[in-house]
$ cat protein-v3.cif   # mmCIF, C-alpha atoms
data_model
loop_
_atom_site.group_PDB
_atom_site.id
_atom_site.type_symbol
_atom_site.label_atom_id
_atom_site.label_comp_id
_atom_site.auth_asym_id
_atom_site.auth_seq_id
_atom_site.Cartn_x
_atom_site.Cartn_y
_atom_site.Cartn_z
ATOM 1 C CA MET A 1453 21.562 44.500 -0.523
ATOM 2 C CA ILE A 1454 24.040 41.629 -0.887
ATOM 3 C CA ASP A 1455 21.070 39.321 -1.446
ATOM 4 C CA GLN A 1456 19.871 41.626 -4.238
ATOM 5 C CA LEU A 1457 23.309 41.552 -5.880
ATOM 6 C CA ARG A 1458 23.390 37.744 -5.637
ATOM 7 C CA GLN A 1459 19.896 37.536 -7.178
ATOM 8 C CA ASP A 1460 21.088 39.813 -9.971
ATOM 9 C CA HIS A 1461 24.010 37.459 -10.573
ATOM 10 C CA GLU A 1462 21.628 34.527 -10.909
ATOM 11 C CA ARG A 1463 19.406 36.433 -13.358
ATOM 12 C CA LEU A 1464 22.456 37.492 -15.376
ATOM 13 C CA ARG A 1465 23.719 33.900 -15.446
ATOM 14 C CA ALA A 1466 20.335 32.656 -16.683
ATOM 15 C CA ILE A 1467 20.185 35.221 -19.484
ATOM 16 C CA ALA A 1468 23.842 34.564 -20.363
ATOM 17 C CA ALA A 1469 23.026 30.854 -20.661
ATOM 18 C CA GLN A 1470 20.193 31.704 -23.066
ATOM 19 C CA LEU A 1471 22.548 33.846 -25.130
ATOM 20 C CA ARG A 1472 25.273 31.193 -25.166
ATOM 21 C CA ALA A 1473 22.749 28.638 -26.432
ATOM 22 C CA LEU A 1474 21.883 30.980 -29.303
ATOM 23 C CA LEU A 1475 25.498 31.899 -30.180
ATOM 24 C CA LYS A 1476 26.307 29.343 -32.808
ATOM 25 C CA ASP A 1477 29.071 29.894 -35.335
ATOM 26 C CA ASP A 1478 26.911 28.478 -38.110
ATOM 27 C CA GLY A 1479 26.138 31.830 -39.700
ATOM 28 C CA ALA A 1480 22.643 32.025 -38.226
ATOM 29 C CA ARG A 1481 21.128 35.463 -38.394
ATOM 30 C CA ILE A 1482 19.793 37.405 -35.441
ATOM 31 C CA GLY A 1483 16.276 36.287 -34.575
ATOM 32 C CA LEU A 1484 13.554 37.456 -32.236
ATOM 33 C CA CYS A 1485 14.567 35.096 -29.400
ATOM 34 C CA PHE A 1486 18.147 36.275 -29.584
ATOM 35 C CA ALA A 1487 17.158 39.945 -29.787
ATOM 36 C CA ALA A 1488 14.902 39.596 -26.735
ATOM 37 C CA ALA A 1489 17.642 37.858 -24.737
ATOM 38 C CA ARG A 1490 20.226 40.422 -25.833
ATOM 39 C CA TRP A 1491 18.127 43.371 -24.690
ATOM 40 C CA SER A 1492 17.110 41.627 -21.491
ATOM 41 C CA PHE A 1493 20.804 41.065 -20.759
ATOM 42 C CA THR A 1494 21.594 44.706 -21.555
ATOM 43 C CA ARG A 1495 18.881 45.989 -19.247
ATOM 44 C CA GLU A 1496 19.837 43.663 -16.380
ATOM 45 C CA LEU A 1497 23.576 44.217 -16.675
ATOM 46 C CA LEU A 1498 23.424 48.019 -16.785
ATOM 47 C CA ARG A 1499 20.932 48.142 -13.909
ATOM 48 C CA HIS A 1500 23.073 45.760 -11.870
ATOM 49 C CA MET A 1501 26.257 47.727 -12.549
ATOM 50 C CA ALA A 1502 24.632 50.947 -11.327
ATOM 51 C CA LEU A 1503 23.303 49.271 -8.177
ATOM 52 C CA GLU A 1504 26.638 47.613 -7.493
ATOM 53 C CA LYS A 1505 28.635 50.841 -7.871
ATOM 54 C CA GLN A 1506 26.345 52.653 -5.448
ATOM 55 C CA PHE A 1507 26.444 49.812 -2.945
ATOM 56 C CA LEU A 1508 30.222 49.423 -3.013
ATOM 57 C CA ARG A 1509 30.651 53.164 -2.479
ATOM 58 C CA ASP A 1510 28.778 52.813 0.801
ATOM 59 C CA GLN A 1511 30.809 49.841 2.014
ATOM 60 C CA HIS A 1512 34.031 49.547 3.909
ATOM 61 C CA PRO A 1513 36.810 51.077 1.776
ATOM 62 C CA ALA A 1514 38.748 47.792 1.679
ATOM 63 C CA CYS A 1515 35.827 46.030 -0.037
ATOM 64 C CA ALA A 1516 35.434 48.733 -2.647
ATOM 65 C CA GLU A 1517 39.203 48.712 -3.190
ATOM 66 C CA VAL A 1518 39.311 44.939 -3.773
ATOM 67 C CA SER A 1519 36.471 45.204 -6.290
ATOM 68 C CA ALA A 1520 38.061 48.199 -8.022
ATOM 69 C CA ARG A 1521 41.346 46.307 -8.491
ATOM 70 C CA LEU A 1522 39.654 43.651 -10.600
ATOM 71 C CA PRO A 1523 40.991 43.689 -14.156
ATOM 72 C CA HIS A 1524 37.402 44.126 -15.283
ATOM 73 C CA ASN A 1525 36.133 46.377 -12.526
ATOM 74 C CA SER A 1526 32.696 47.888 -12.900
ATOM 75 C CA ALA A 1527 33.936 50.950 -14.802
ATOM 76 C CA ASN A 1528 35.971 48.869 -17.272
ATOM 77 C CA LEU A 1529 33.259 46.256 -17.766
ATOM 78 C CA GLU A 1530 30.563 48.864 -18.263
ATOM 79 C CA ARG A 1531 32.731 50.791 -20.765
ATOM 80 C CA ARG A 1532 33.554 47.553 -22.602
ATOM 81 C CA PHE A 1533 29.893 46.569 -22.770
ATOM 82 C CA ARG A 1534 28.743 50.026 -23.922
ATOM 83 C CA ASP A 1535 31.411 49.948 -26.658
ATOM 84 C CA HIS A 1536 30.100 46.514 -27.656
ATOM 85 C CA LEU A 1537 26.544 47.862 -27.908
ATOM 86 C CA ALA A 1538 27.644 50.853 -29.985
ATOM 87 C CA ARG A 1539 29.758 48.707 -32.294
ATOM 88 C CA TRP A 1540 27.253 45.942 -32.951
ATOM 89 C CA THR A 1541 24.143 47.177 -34.720
ATOM 90 C CA THR A 1542 21.648 44.623 -35.996
ATOM 91 C CA LEU A 1543 23.072 45.006 -39.505
ATOM 92 C CA ASP A 1544 26.660 44.526 -38.256
ATOM 93 C CA ILE A 1545 25.603 41.473 -36.260
ATOM 94 C CA ASP A 1546 23.978 39.915 -39.336
ATOM 95 C CA GLU A 1547 26.958 40.693 -41.571
ATOM 96 C CA ASN A 1548 29.630 39.561 -39.082
ATOM 97 C CA TRP A 1549 27.852 36.926 -36.991
ATOM 98 C CA LYS A 1550 30.963 34.889 -36.129
ATOM 99 C CA ASP A 1551 32.880 37.965 -34.950
ATOM 100 C CA TYR A 1552 29.876 39.102 -32.965
ATOM 101 C CA CYS A 1553 29.608 35.680 -31.311
ATOM 102 C CA ARG A 1554 33.270 35.838 -30.329
ATOM 103 C CA ASP A 1555 32.913 39.374 -28.916
ATOM 104 C CA LEU A 1556 29.793 38.601 -26.888
ATOM 105 C CA ARG A 1557 31.280 35.340 -25.577
ATOM 106 C CA GLU A 1558 34.283 37.327 -24.356
ATOM 107 C CA ILE A 1559 32.018 39.735 -22.464
ATOM 108 C CA LEU A 1560 30.020 36.855 -20.972
ATOM 109 C CA ASN A 1561 33.258 35.183 -19.841
ATOM 110 C CA ILE A 1562 34.540 38.405 -18.275
ATOM 111 C CA LEU A 1563 31.236 38.893 -16.480
ATOM 112 C CA GLU A 1564 31.170 35.310 -15.206
ATOM 113 C CA ASN A 1565 34.731 35.561 -13.861
ATOM 114 C CA ARG A 1566 33.906 38.887 -12.248
ATOM 115 C CA MET A 1567 30.764 37.561 -10.561
ATOM 116 C CA LEU A 1568 32.644 34.523 -9.240
ATOM 117 C CA PHE A 1569 35.381 36.739 -7.844
ATOM 118 C CA GLN A 1570 32.857 39.020 -6.171
ATOM 119 C CA GLU A 1571 30.983 36.105 -4.636
ATOM 120 C CA ARG A 1572 34.187 34.562 -3.286
ATOM 121 C CA ALA A 1573 36.367 37.561 -2.392
ATOM 122 C CA VAL A 1574 34.201 40.690 -2.141
ATOM 123 C CA PHE A 1575 30.752 39.733 -0.858
ATOM 124 C CA PRO A 1576 32.065 37.883 2.207
ATOM 125 C CA ARG A 1577 33.720 41.152 3.297
ATOM 126 C CA LEU A 1578 30.588 43.243 2.818
ATOM 127 C CA GLY A 1579 27.810 44.138 5.137
ATOM 128 C CA HIS A 1580 29.273 46.890 7.247
ATOM 129 C CA PRO A 1581 28.782 50.403 5.896
ATOM 130 C CA ALA A 1582 31.896 52.534 5.791
ATOM 131 C CA GLN A 1583 32.345 54.834 8.735
ATOM 132 C CA ARG A 1584 31.766 58.331 7.504
ATOM 133 C CA PRO A 1585 33.396 61.213 9.336
ATOM 134 C CA LYS A 1586 30.904 63.244 11.326
ATOM 135 C CA SER A 1587 30.184 66.618 9.795
ATOM 136 C CA ARG A 1588 30.813 69.671 11.906
#

$ encode --input "protein-v3.cif" --output "structure tokens"
Amino acid sequence: MIDQLRQDHERLRAIAAQLRALLKDDGARIGLCFAAARWSFTRELLRHMALEKQFLRDQHPACAEVSARLPHNSANLERRFRDHLARWTTLDIDENWKDYCRDLREILNILENRMLFQERAVFPRLGHPAQRPKSR
């Protein structure tokens, strides 16, 4: 499962790089390439967050605790991203491109920092399922 999470991180980084290349503060309007990358990122991120939450629940409590203490833990990041999606309709993106660029860059930066932290501090501790009490 850790390998799957790492592969997800690489896919998310690749899509984020595509988005960053398209986020120019020159007033460009949303285009088909950007829209495709945006929805690909949305799909991958939300799927990854669900998988990650389930996986961490099954791990040693100390690992889940370290991940939960992140300033942008999975619940906060997911809430922040869902708020971003609700706030930024296609019309709002077109009308406020520079603000949208700033908001999405912030999310991409948060995600990148979170993935780096997980790869350095959380993943090395993973691999041993939490001991569940035996039911009577």

$ residues_around --input "protein-v3.cif" --residues "stretch 1458-1472 of chain A" --least-positions-apart "5" --cutoff "8 Å" --atoms "all atoms listed in the file" --output "list in words"
Phe1486, Ala1489, Arg1490, Ser1492, Phe1493, Glu1496, Leu1497, His1500, Arg1557, Leu1560, Glu1564, Met1567 and Glu1571 of chain A

$ atom_distance --input "protein-v3.cif" --atom1 "atom CA of A:Trp1491" --atom2 "atom CA of A:Leu1537"
10.1 Å

$ closest_residue --input "protein-v3.cif" --among "A:Gln1511, A:His1536, A:Met1501, A:Arg1531" --to "A:Tyr1552" --atoms "only C-alpha atoms"
A:His1536

$ resolve_selection --input "protein-v3.cif" --expression "the PyMOL selection byres ((chain A and resi 1551) around 12)" --output "MDAnalysis selection string"
chainID A and resid 1475:1479 1536 1539:1540 1544:1550 1552:1558

$ atom_distance --input "protein-v3.cif" --atom1 "atom CA of A:Ser1526" --atom2 "atom CA of A:Arg1509"
11.9 Å

$ atom_distance --input "protein-v3.cif" --atom1 "atom CA of A:Ile1562" --atom2 "atom CA of A:Leu1529"
8.0 Å

$ closest_residue --input "protein-v3.cif" --among "A:Ile1559, A:Phe1507, A:Met1453, A:Asn1525" --to "A:Thr1494" --atoms "only C-alpha atoms"
A:Ile1559

$ axis_aligned_box --input "protein-v3.cif" --around "stretch 1483-1492 of chain A" --padding-each-side "4 Å" --output "AutoDock Vina command-line options"
--center_x 16.9 --center_y 39.2 --center_z -28.0 --size_x 14.7 --size_y 16.3 --size_z 21.1

$ closest_residue --input "protein-v3.cif" --among "A:Leu1457, A:Asn1561, A:Ala1573, A:Arg1532" --to "A:Glu1504" --atoms "all atoms listed in the file"
A:Leu1457

$ closest_residue --input "protein-v3.cif" --among "A:Leu1503, A:Leu1563, A:Leu1508, A:Val1574" --to "A:Asn1528" --atoms "all atoms listed in the file"
A:Leu1563

$ closest_residue --input "protein-v3.cif" --among "A:Ala1487, A:Gln1456, A:Leu1474, A:Gln1506" --to "A:Thr1542" --atoms "only C-alpha atoms"
A:Ala1487

$ build_atoms --input "protein-v3.cif" --residues "stretch 1521-1542 of chain A" --atoms "N, CA, C and O atoms" --output "PDB file, in the coordinates of the input"
ATOM      1  N   ARG A1521      40.088  46.830  -7.956  1.00  0.00           N
ATOM      2  CA  ARG A1521      41.346  46.307  -8.491  1.00  0.00           C
ATOM      3  C   ARG A1521      41.135  45.185  -9.501  1.00  0.00           C
ATOM      4  O   ARG A1521      42.081  44.763 -10.157  1.00  0.00           O
ATOM      5  N   LEU A1522      39.924  44.692  -9.609  1.00  0.00           N
ATOM      6  CA  LEU A1522      39.654  43.651 -10.600  1.00  0.00           C
ATOM      7  C   LEU A1522      40.064  44.138 -11.983  1.00  0.00           C
ATOM      8  O   LEU A1522      39.852  45.302 -12.315  1.00  0.00           O
ATOM      9  N   PRO A1523      40.640  43.265 -12.797  1.00  0.00           N
ATOM     10  CA  PRO A1523      40.991  43.689 -14.156  1.00  0.00           C
ATOM     11  C   PRO A1523      39.771  44.228 -14.911  1.00  0.00           C
ATOM     12  O   PRO A1523      39.891  45.140 -15.700  1.00  0.00           O
ATOM     13  N   HIS A1524      38.630  43.645 -14.641  1.00  0.00           N
ATOM     14  CA  HIS A1524      37.402  44.126 -15.283  1.00  0.00           C
ATOM     15  C   HIS A1524      36.491  44.679 -14.201  1.00  0.00           C
ATOM     16  O   HIS A1524      35.415  44.154 -13.941  1.00  0.00           O
ATOM     17  N   ASN A1525      36.955  45.747 -13.560  1.00  0.00           N
ATOM     18  CA  ASN A1525      36.133  46.377 -12.526  1.00  0.00           C
ATOM     19  C   ASN A1525      34.887  46.953 -13.177  1.00  0.00           C
ATOM     20  O   ASN A1525      34.755  46.936 -14.400  1.00  0.00           O
ATOM     21  N   SER A1526      33.990  47.459 -12.367  1.00  0.00           N
ATOM     22  CA  SER A1526      32.696  47.888 -12.900  1.00  0.00           C
ATOM     23  C   SER A1526      32.843  48.956 -13.977  1.00  0.00           C
ATOM     24  O   SER A1526      32.144  48.909 -14.985  1.00  0.00           O
ATOM     25  N   ALA A1527      33.769  49.895 -13.796  1.00  0.00           N
ATOM     26  CA  ALA A1527      33.936  50.950 -14.802  1.00  0.00           C
ATOM     27  C   ALA A1527      34.439  50.368 -16.116  1.00  0.00           C
ATOM     28  O   ALA A1527      33.928  50.706 -17.195  1.00  0.00           O
ATOM     29  N   ASN A1528      35.427  49.473 -16.050  1.00  0.00           N
ATOM     30  CA  ASN A1528      35.971  48.869 -17.272  1.00  0.00           C
ATOM     31  C   ASN A1528      34.958  47.971 -17.957  1.00  0.00           C
ATOM     32  O   ASN A1528      34.834  47.998 -19.179  1.00  0.00           O
ATOM     33  N   LEU A1529      34.254  47.161 -17.180  1.00  0.00           N
ATOM     34  CA  LEU A1529      33.259  46.256 -17.766  1.00  0.00           C
ATOM     35  C   LEU A1529      32.123  47.055 -18.400  1.00  0.00           C
ATOM     36  O   LEU A1529      31.692  46.755 -19.516  1.00  0.00           O
ATOM     37  N   GLU A1530      31.651  48.064 -17.704  1.00  0.00           N
ATOM     38  CA  GLU A1530      30.563  48.864 -18.263  1.00  0.00           C
ATOM     39  C   GLU A1530      31.005  49.558 -19.548  1.00  0.00           C
ATOM     40  O   GLU A1530      30.273  49.565 -20.541  1.00  0.00           O
ATOM     41  N   ARG A1531      32.202  50.131 -19.564  1.00  0.00           N
ATOM     42  CA  ARG A1531      32.731  50.791 -20.765  1.00  0.00           C
ATOM     43  C   ARG A1531      32.854  49.774 -21.905  1.00  0.00           C
ATOM     44  O   ARG A1531      32.444  50.046 -23.025  1.00  0.00           O
ATOM     45  N   ARG A1532      33.385  48.602 -21.594  1.00  0.00           N
ATOM     46  CA  ARG A1532      33.554  47.553 -22.602  1.00  0.00           C
ATOM     47  C   ARG A1532      32.202  47.134 -23.182  1.00  0.00           C
ATOM     48  O   ARG A1532      32.044  46.971 -24.391  1.00  0.00           O
ATOM     49  N   PHE A1533      31.211  46.996 -22.305  1.00  0.00           N
ATOM     50  CA  PHE A1533      29.893  46.569 -22.770  1.00  0.00           C
ATOM     51  C   PHE A1533      29.215  47.671 -23.584  1.00  0.00           C
ATOM     52  O   PHE A1533      28.610  47.400 -24.625  1.00  0.00           O
ATOM     53  N   ARG A1534      29.338  48.918 -23.147  1.00  0.00           N
ATOM     54  CA  ARG A1534      28.743  50.026 -23.922  1.00  0.00           C
ATOM     55  C   ARG A1534      29.400  50.156 -25.295  1.00  0.00           C
ATOM     56  O   ARG A1534      28.723  50.436 -26.295  1.00  0.00           O
ATOM     57  N   ASP A1535      30.715  49.947 -25.367  1.00  0.00           N
ATOM     58  CA  ASP A1535      31.411  49.948 -26.658  1.00  0.00           C
ATOM     59  C   ASP A1535      30.882  48.818 -27.542  1.00  0.00           C
ATOM     60  O   ASP A1535      30.683  49.003 -28.747  1.00  0.00           O
ATOM     61  N   HIS A1536      30.658  47.665 -26.936  1.00  0.00           N
ATOM     62  CA  HIS A1536      30.100  46.514 -27.656  1.00  0.00           C
ATOM     63  C   HIS A1536      28.726  46.871 -28.239  1.00  0.00           C
ATOM     64  O   HIS A1536      28.457  46.594 -29.417  1.00  0.00           O
ATOM     65  N   LEU A1537      27.879  47.489 -27.436  1.00  0.00           N
ATOM     66  CA  LEU A1537      26.544  47.862 -27.908  1.00  0.00           C
ATOM     67  C   LEU A1537      26.619  48.862 -29.058  1.00  0.00           C
ATOM     68  O   LEU A1537      25.862  48.759 -30.033  1.00  0.00           O
ATOM     69  N   ALA A1538      27.515  49.839 -28.940  1.00  0.00           N
ATOM     70  CA  ALA A1538      27.644  50.853 -29.985  1.00  0.00           C
ATOM     71  C   ALA A1538      28.203  50.247 -31.273  1.00  0.00           C
ATOM     72  O   ALA A1538      27.798  50.638 -32.376  1.00  0.00           O
ATOM     73  N   ARG A1539      29.105  49.314 -31.131  1.00  0.00           N
ATOM     74  CA  ARG A1539      29.758  48.707 -32.294  1.00  0.00           C
ATOM     75  C   ARG A1539      28.832  47.770 -33.064  1.00  0.00           C
ATOM     76  O   ARG A1539      28.846  47.720 -34.289  1.00  0.00           O
ATOM     77  N   TRP A1540      28.006  47.015 -32.327  1.00  0.00           N
ATOM     78  CA  TRP A1540      27.253  45.942 -32.951  1.00  0.00           C
ATOM     79  C   TRP A1540      25.787  46.313 -33.174  1.00  0.00           C
ATOM     80  O   TRP A1540      24.929  46.013 -32.371  1.00  0.00           O
ATOM     81  N   THR A1541      25.526  46.927 -34.309  1.00  0.00           N
ATOM     82  CA  THR A1541      24.143  47.177 -34.720  1.00  0.00           C
ATOM     83  C   THR A1541      23.568  45.867 -35.260  1.00  0.00           C
ATOM     84  O   THR A1541      24.314  44.912 -35.524  1.00  0.00           O
ATOM     85  N   THR A1542      22.279  45.826 -35.450  1.00  0.00           N
ATOM     86  CA  THR A1542      21.648  44.623 -35.996  1.00  0.00           C
ATOM     87  C   THR A1542      22.249  44.260 -37.348  1.00  0.00           C
ATOM     88  O   THR A1542      22.536  43.090 -37.619  1.00  0.00           O
TER      89      THR A1542
END
